[in-house]
>>> print(open('run-v6.cif').read())   # mmCIF, C-alpha atoms
data_run
#
loop_
_atom_site.label_atom_id
_atom_site.label_comp_id
_atom_site.auth_asym_id
_atom_site.auth_seq_id
_atom_site.Cartn_x
_atom_site.Cartn_y
_atom_site.Cartn_z
CA MET P 1 0.00 0.00 0.00
CA LYS P 2 1.30 3.37 -0.98
CA ILE P 3 1.00 6.36 1.38
CA ASN P 4 0.59 9.58 -0.44
CA GLY P 5 0.18 13.19 0.72
CA THR P 6 -3.62 12.96 0.96
CA HIS P 7 -3.48 9.96 3.29
CA LEU P 8 -0.93 11.73 5.45
CA ILE P 9 -3.08 14.88 5.72
CA ILE P 10 -6.19 12.86 6.61
CA LEU P 11 -4.28 10.93 9.28
CA PHE P 12 -2.98 14.17 10.75
CA ILE P 13 -6.49 15.73 10.88
CA VAL P 14 -7.96 12.64 12.58
CA LEU P 15 -5.23 12.60 15.22
CA LEU P 16 -5.56 16.33 15.80
CA ALA P 17 -9.36 16.21 16.10
CA GLY P 18 -9.20 13.25 18.49
CA SER P 19 -6.79 14.92 20.85
CA GLU P 20 -8.79 18.16 20.61
CA LEU P 21 -12.01 16.36 21.63
CA GLN P 22 -10.28 14.63 24.51
CA ALA P 23 -8.85 17.90 25.79
CA GLN P 24 -12.14 19.74 25.42
CA TYR P 25 -14.57 17.18 26.81
CA GLY P 26 -12.36 15.19 29.15
CA ARG P 27 -13.22 11.85 27.63
CA GLY P 28 -10.63 9.32 26.72
CA TYR P 29 -10.88 6.72 24.02
CA GLY P 30 -11.84 4.04 26.54
CA GLY P 31 -15.57 4.70 26.53
CA GLY P 32 -17.21 2.19 28.85
CA GLY P 33 -19.61 4.72 30.33
CA TYR P 34 -16.92 6.47 32.31
CA GLY P 35 -17.17 10.14 31.59
CA TYR P 36 -18.84 13.05 33.20
CA GLY P 37 -18.95 12.15 36.89
CA GLY P 38 -18.82 8.38 36.37
CA TYR P 39 -16.80 6.07 38.53
CA GLY P 40 -13.83 5.92 36.22
CA GLY P 41 -10.73 8.03 36.18
CA GLY P 42 -11.93 10.25 33.33
CA GLY P 43 -14.64 12.10 35.25
CA TYR P 44 -14.67 15.58 36.57
CA GLY P 45 -14.61 16.58 40.20
CA ARG P 46 -12.16 15.95 42.98
CA GLN P 47 -9.76 13.14 42.27
CA ARG P 48 -8.84 11.04 45.27
CA SER P 49 -5.59 9.30 45.82
CA ALA P 50 -5.04 6.16 47.86
CA ILE P 51 -1.85 7.73 49.20
CA PRO P 52 -2.49 10.18 52.03
CA GLN P 53 -1.05 13.64 51.46
CA VAL P 54 1.18 14.94 54.22
CA GLN P 55 0.82 18.64 54.94
CA GLU P 56 4.34 19.93 55.25
CA THR P 57 4.70 22.99 57.40
CA PRO P 58 6.92 25.55 55.69
CA LYS P 59 10.23 25.96 57.45
CA GLU P 60 10.97 29.33 58.94
CA PRO P 61 13.73 31.06 57.03
CA GLU P 62 16.93 30.99 58.99
CA PRO P 63 17.81 34.35 60.48
CA LYS P 64 20.53 36.21 58.63
CA THR P 65 23.94 36.52 60.17
CA ALA P 66 25.48 39.88 60.99
CA ASP P 67 27.78 39.53 57.98
CA GLU P 68 24.85 38.87 55.61
CA ILE P 69 22.87 41.82 56.97
CA VAL P 70 25.76 44.28 56.73
CA ASP P 71 26.86 42.98 53.31
CA GLY P 72 23.31 43.55 52.06
CA GLU P 73 23.20 47.14 53.35
CA MET P 74 26.73 48.25 52.46
CA PRO P 75 26.16 49.07 48.77
CA GLY P 76 23.42 51.54 49.72
CA ILE P 77 25.46 53.03 52.55
CA THR P 78 28.53 53.36 50.33
CA GLU P 79 26.51 55.12 47.66
CA ALA P 80 24.71 57.41 50.10
CA LEU P 81 27.88 58.46 51.94
CA GLU P 82 30.22 58.30 48.91
CA LEU P 83 32.76 56.16 50.75
CA ASN P 84 36.13 55.19 49.29
CA PRO P 85 37.19 51.51 49.59
CA PHE P 86 39.16 52.07 52.81
CA GLU P 87 36.28 53.89 54.51
CA GLU P 88 33.88 51.22 53.30
CA ALA P 89 36.08 48.47 54.80
CA VAL P 90 36.35 50.28 58.15
CA LEU P 91 32.60 50.89 58.33
CA SER P 92 31.71 47.36 57.21
CA SER P 93 33.98 45.59 59.70
CA THR P 94 32.85 47.83 62.57
CA LEU P 95 29.16 47.37 61.78
CA LYS P 96 29.57 43.59 61.51
CA LYS P 97 31.37 43.42 64.84
CA TYR P 98 28.79 45.43 66.78
CA LEU P 99 25.76 43.99 65.02
CA GLN P 100 26.99 40.54 66.05
CA LYS P 101 27.15 41.76 69.66
CA ARG P 102 23.57 43.08 69.39
CA ILE P 103 22.36 39.75 68.05
CA GLU P 104 24.08 37.92 70.90
CA MET P 105 22.40 40.27 73.39
CA GLN P 106 18.99 39.42 71.95
CA ILE P 107 19.73 35.70 72.17
CA LEU P 108 20.47 36.05 75.89
CA GLU P 109 16.91 37.33 76.52
CA LEU P 110 17.92 39.68 79.30
CA SER P 111 15.53 41.87 81.25
CA PRO P 112 14.47 45.07 79.43
CA GLU P 113 16.69 47.21 81.68
CA GLN P 114 19.77 45.01 81.17
CA MET P 115 19.06 44.92 77.42
CA ARG P 116 18.84 48.72 77.22
CA GLU P 117 22.07 49.18 79.18
CA GLY P 118 23.88 46.61 77.06
CA MET P 119 22.68 48.16 73.81
CA GLU P 120 23.76 51.63 74.97
CA LYS P 121 27.26 50.32 75.76
CA ILE P 122 27.48 48.63 72.37
CA THR P 123 26.36 51.83 70.61
CA GLU P 124 28.90 53.92 72.52
CA SER P 125 31.71 51.52 71.64
CA GLN P 126 30.63 51.45 67.99
CA ASP P 127 30.49 55.25 67.81
CA ALA P 128 33.95 55.57 69.36
CA GLU P 129 35.42 53.07 66.91
CA LEU P 130 33.76 54.74 63.91
CA LYS P 131 34.97 58.18 65.02
CA ALA P 132 38.50 56.83 65.21
CA GLY P 133 38.35 55.05 61.84
CA LEU P 134 36.44 57.49 59.62
CA PRO P 135 37.00 61.13 58.67
CA ILE P 136 34.79 63.35 60.83
CA GLU P 137 32.57 64.48 57.92
CA LYS P 138 31.91 60.84 56.92
CA TYR P 139 31.20 59.91 60.54
CA ASP P 140 28.74 62.82 60.88
CA ALA P 141 27.12 61.85 57.59
CA PHE P 142 26.78 58.25 58.83
CA VAL P 143 25.15 59.37 62.08
CA GLU P 144 22.78 61.62 60.12
CA MET P 145 21.99 58.75 57.75
CA GLN P 146 21.15 56.49 60.70
CA LYS P 147 18.60 59.05 61.88
CA LYS P 148 17.03 59.67 58.47
CA GLY P 149 17.52 56.35 56.72
CA ILE P 150 19.48 55.39 53.62
CA GLN P 151 16.80 56.26 51.04
CA LYS P 152 16.24 59.76 52.34
CA THR P 153 19.99 60.39 52.47
CA LYS P 154 20.36 59.24 48.85
CA LYS P 155 17.55 61.58 47.73
CA GLU P 156 19.14 64.52 49.53
CA LYS P 157 22.52 63.80 47.89
CA LYS P 158 20.88 63.79 44.45
CA LYS P 159 19.10 67.09 45.15
CA GLU P 160 22.35 68.60 46.39
CA LYS P 161 24.18 67.52 43.23
CA LYS P 162 21.42 69.02 41.05
CA ARG P 163 21.63 72.33 42.93
CA LYS P 164 25.41 72.43 42.50
CA LYS P 165 25.05 71.62 38.80
CA LYS P 166 22.48 74.40 38.30
CA LYS P 167 24.72 76.92 40.07
CA LYS P 168 27.64 75.78 37.94
CA ASP P 169 25.59 76.12 34.73
CA LYS P 170 24.45 79.66 35.68
CA SER P 171 28.02 80.81 36.26
#
>>> encode(input="run-v6.cif", output="structure tokens")
Amino acid sequence: MKINGTHLIILFIVLLAGSELQAQYGRGYGGGGYGYGGYGGGGYGRQRSAIPQVQETPKEPEPKTADEIVDGEMPGITEALELNPFEEAVLSSTLKKYLQKRIEMQILELSPEQMREGMEKITESQDAELKAGLPIEKYDAFVEMQKKGIQKTKKEKKKEKKRKKKKKDKS
């Protein structure tokens, strides 16, 4: 028997129509009365499995380490304060060190008064170390940024640059 182009096209149309009907109406080729809501596997509605499904509780994400937190924030801080690589390294290592101490304080679950006193000591030590390691204008800018936040500091820097550029253009 010879297969020509017409036979091939007819075969293709039959296969296409059959799969289209199955997809549209949910019936397989098995027939046997199993279709719309019957007892077979081809019906609609909730399908039940003999295997019980175990509800897995989602695991809590592990808390970030001090290094991960600081590394995530440093690009924004560097941009906002316009730090050079040395200043960035000093600030990063200092923040990591004292953030780790803060995390350890929280783990200890001290009384509120002890926690406050401990945090104040950590902040004082951090400020002293930053003052010693950074130029005073960068230290002041960092303190100001801590009060305002990184985003607000970035916006102010952009506005300041625009003002300087306008003054320069007018001159």
>>> resolve_selection(input="run-v6.cif", expression="the PyMOL selection byres ((chain P and resi 126-128) around 10)", output="list in words")
Leu91, Thr94, Leu95, Lys97, Tyr98, Leu99, Glu120, Lys121, Ile122, Thr123, Glu124, Ser125, Glu129, Leu130, Lys131, Ala132, Gly133, Tyr139 and Val143 of chain P
>>> atom_distance(input="run-v6.cif", atom1="CA of Ile77 (chain P)", atom2="CA of Ala141 (chain P)")
10.3 Å
>>> resolve_selection(input="run-v6.cif", expression="the PyMOL selection byres ((chain P and resi 146-151) around 12)", output="PyMOL selection string")
chain P and resi 73-81+127+139-145+152-158
>>> atom_distance(input="run-v6.cif", atom1="CA of Leu134 (chain P)", atom2="CA of Lys162 (chain P)")
26.5 Å
>>> atom_distance(input="run-v6.cif", atom1="CA of Pro135 (chain P)", atom2="CA of Phe86 (chain P)")
11.0 Å
>>> closest_residue(input="run-v6.cif", among="P:Leu8, P:Lys59, P:Asp71, P:Glu117", to="Ala89 (chain P)", atoms="all atoms listed in the file")
P:Asp71
>>> closest_residue(input="run-v6.cif", among="P:Leu11, P:Gln106, P:Gln100, P:Leu16", to="Lys64 (chain P)", atoms="all atoms listed in the file")
P:Gln100
>>> build_atoms(input="run-v6.cif", residues="region 136-157 of chain P", atoms="N, CA, C and O atoms", output="tab-separated table (two decimals), in the coordinates of the input")
chain	number	residue	atom	x	y	z
P	136	ILE	N	35.90	62.81	60.03
P	136	ILE	CA	34.79	63.35	60.83
P	136	ILE	C	33.55	63.65	59.99
P	136	ILE	O	32.42	63.40	60.43
P	137	GLU	N	33.74	64.16	58.75
P	137	GLU	CA	32.57	64.48	57.92
P	137	GLU	C	31.83	63.21	57.50
P	137	GLU	O	30.60	63.19	57.42
P	138	LYS	N	32.55	62.11	57.27
P	138	LYS	CA	31.91	60.84	56.92
P	138	LYS	C	31.21	60.24	58.14
P	138	LYS	O	30.12	59.68	58.03
P	139	TYR	N	31.83	60.39	59.31
P	139	TYR	CA	31.20	59.91	60.54
P	139	TYR	C	29.90	60.67	60.79
P	139	TYR	O	28.86	60.06	61.07
P	140	ASP	N	29.95	62.01	60.67
P	140	ASP	CA	28.74	62.82	60.88
P	140	ASP	C	27.66	62.45	59.86
P	140	ASP	O	26.48	62.37	60.19
P	141	ALA	N	28.08	62.24	58.62
P	141	ALA	CA	27.12	61.85	57.59
P	141	ALA	C	26.49	60.49	57.91
P	141	ALA	O	25.29	60.28	57.70
P	142	PHE	N	27.30	59.58	58.45
P	142	PHE	CA	26.78	58.25	58.83
P	142	PHE	C	25.76	58.37	59.95
P	142	PHE	O	24.69	57.76	59.91
P	143	VAL	N	26.08	59.18	60.96
P	143	VAL	CA	25.15	59.37	62.08
P	143	VAL	C	23.84	59.99	61.58
P	143	VAL	O	22.74	59.57	61.96
P	144	GLU	N	23.96	60.97	60.69
P	144	GLU	CA	22.78	61.62	60.12
P	144	GLU	C	21.97	60.61	59.30
P	144	GLU	O	20.74	60.59	59.37
P	145	MET	N	22.67	59.77	58.56
P	145	MET	CA	21.99	58.75	57.75
P	145	MET	C	21.25	57.75	58.64
P	145	MET	O	20.16	57.31	58.30
P	146	GLN	N	21.83	57.42	59.79
P	146	GLN	CA	21.15	56.49	60.70
P	146	GLN	C	19.84	57.10	61.20
P	146	GLN	O	18.86	56.39	61.37
P	147	LYS	N	19.82	58.39	61.41
P	147	LYS	CA	18.60	59.05	61.88
P	147	LYS	C	17.55	59.11	60.79
P	147	LYS	O	16.38	58.84	61.02
P	148	LYS	N	17.97	59.46	59.57
P	148	LYS	CA	17.03	59.67	58.47
P	148	LYS	C	16.70	58.39	57.70
P	148	LYS	O	15.59	58.23	57.21
P	149	GLY	N	17.68	57.54	57.55
P	149	GLY	CA	17.52	56.35	56.72
P	149	GLY	C	18.31	56.51	55.43
P	149	GLY	O	18.60	57.62	54.99
P	150	ILE	N	18.64	55.40	54.81
P	150	ILE	CA	19.48	55.39	53.62
P	150	ILE	C	18.78	56.06	52.44
P	150	ILE	O	19.37	56.87	51.74
P	151	GLN	N	17.51	55.74	52.22
P	151	GLN	CA	16.80	56.26	51.04
P	151	GLN	C	16.71	57.77	51.07
P	151	GLN	O	16.93	58.44	50.07
P	152	LYS	N	16.37	58.31	52.22
P	152	LYS	CA	16.24	59.76	52.34
P	152	LYS	C	17.59	60.44	52.13
P	152	LYS	O	17.68	61.49	51.49
P	153	THR	N	18.65	59.84	52.64
P	153	THR	CA	19.99	60.39	52.47
P	153	THR	C	20.38	60.39	51.00
P	153	THR	O	20.95	61.36	50.50
P	154	LYS	N	20.06	59.31	50.27
P	154	LYS	CA	20.36	59.24	48.85
P	154	LYS	C	19.63	60.34	48.09
P	154	LYS	O	20.20	61.00	47.22
P	155	LYS	N	18.34	60.54	48.40
P	155	LYS	CA	17.55	61.58	47.73
P	155	LYS	C	18.15	62.96	47.97
P	155	LYS	O	18.23	63.78	47.06
P	156	GLU	N	18.56	63.22	49.21
P	156	GLU	CA	19.14	64.52	49.53
P	156	GLU	C	20.45	64.74	48.78
P	156	GLU	O	20.73	65.84	48.31
P	157	LYS	N	21.26	63.70	48.63
P	157	LYS	CA	22.52	63.80	47.89
P	157	LYS	C	22.23	64.15	46.43
P	157	LYS	O	22.91	64.98	45.84
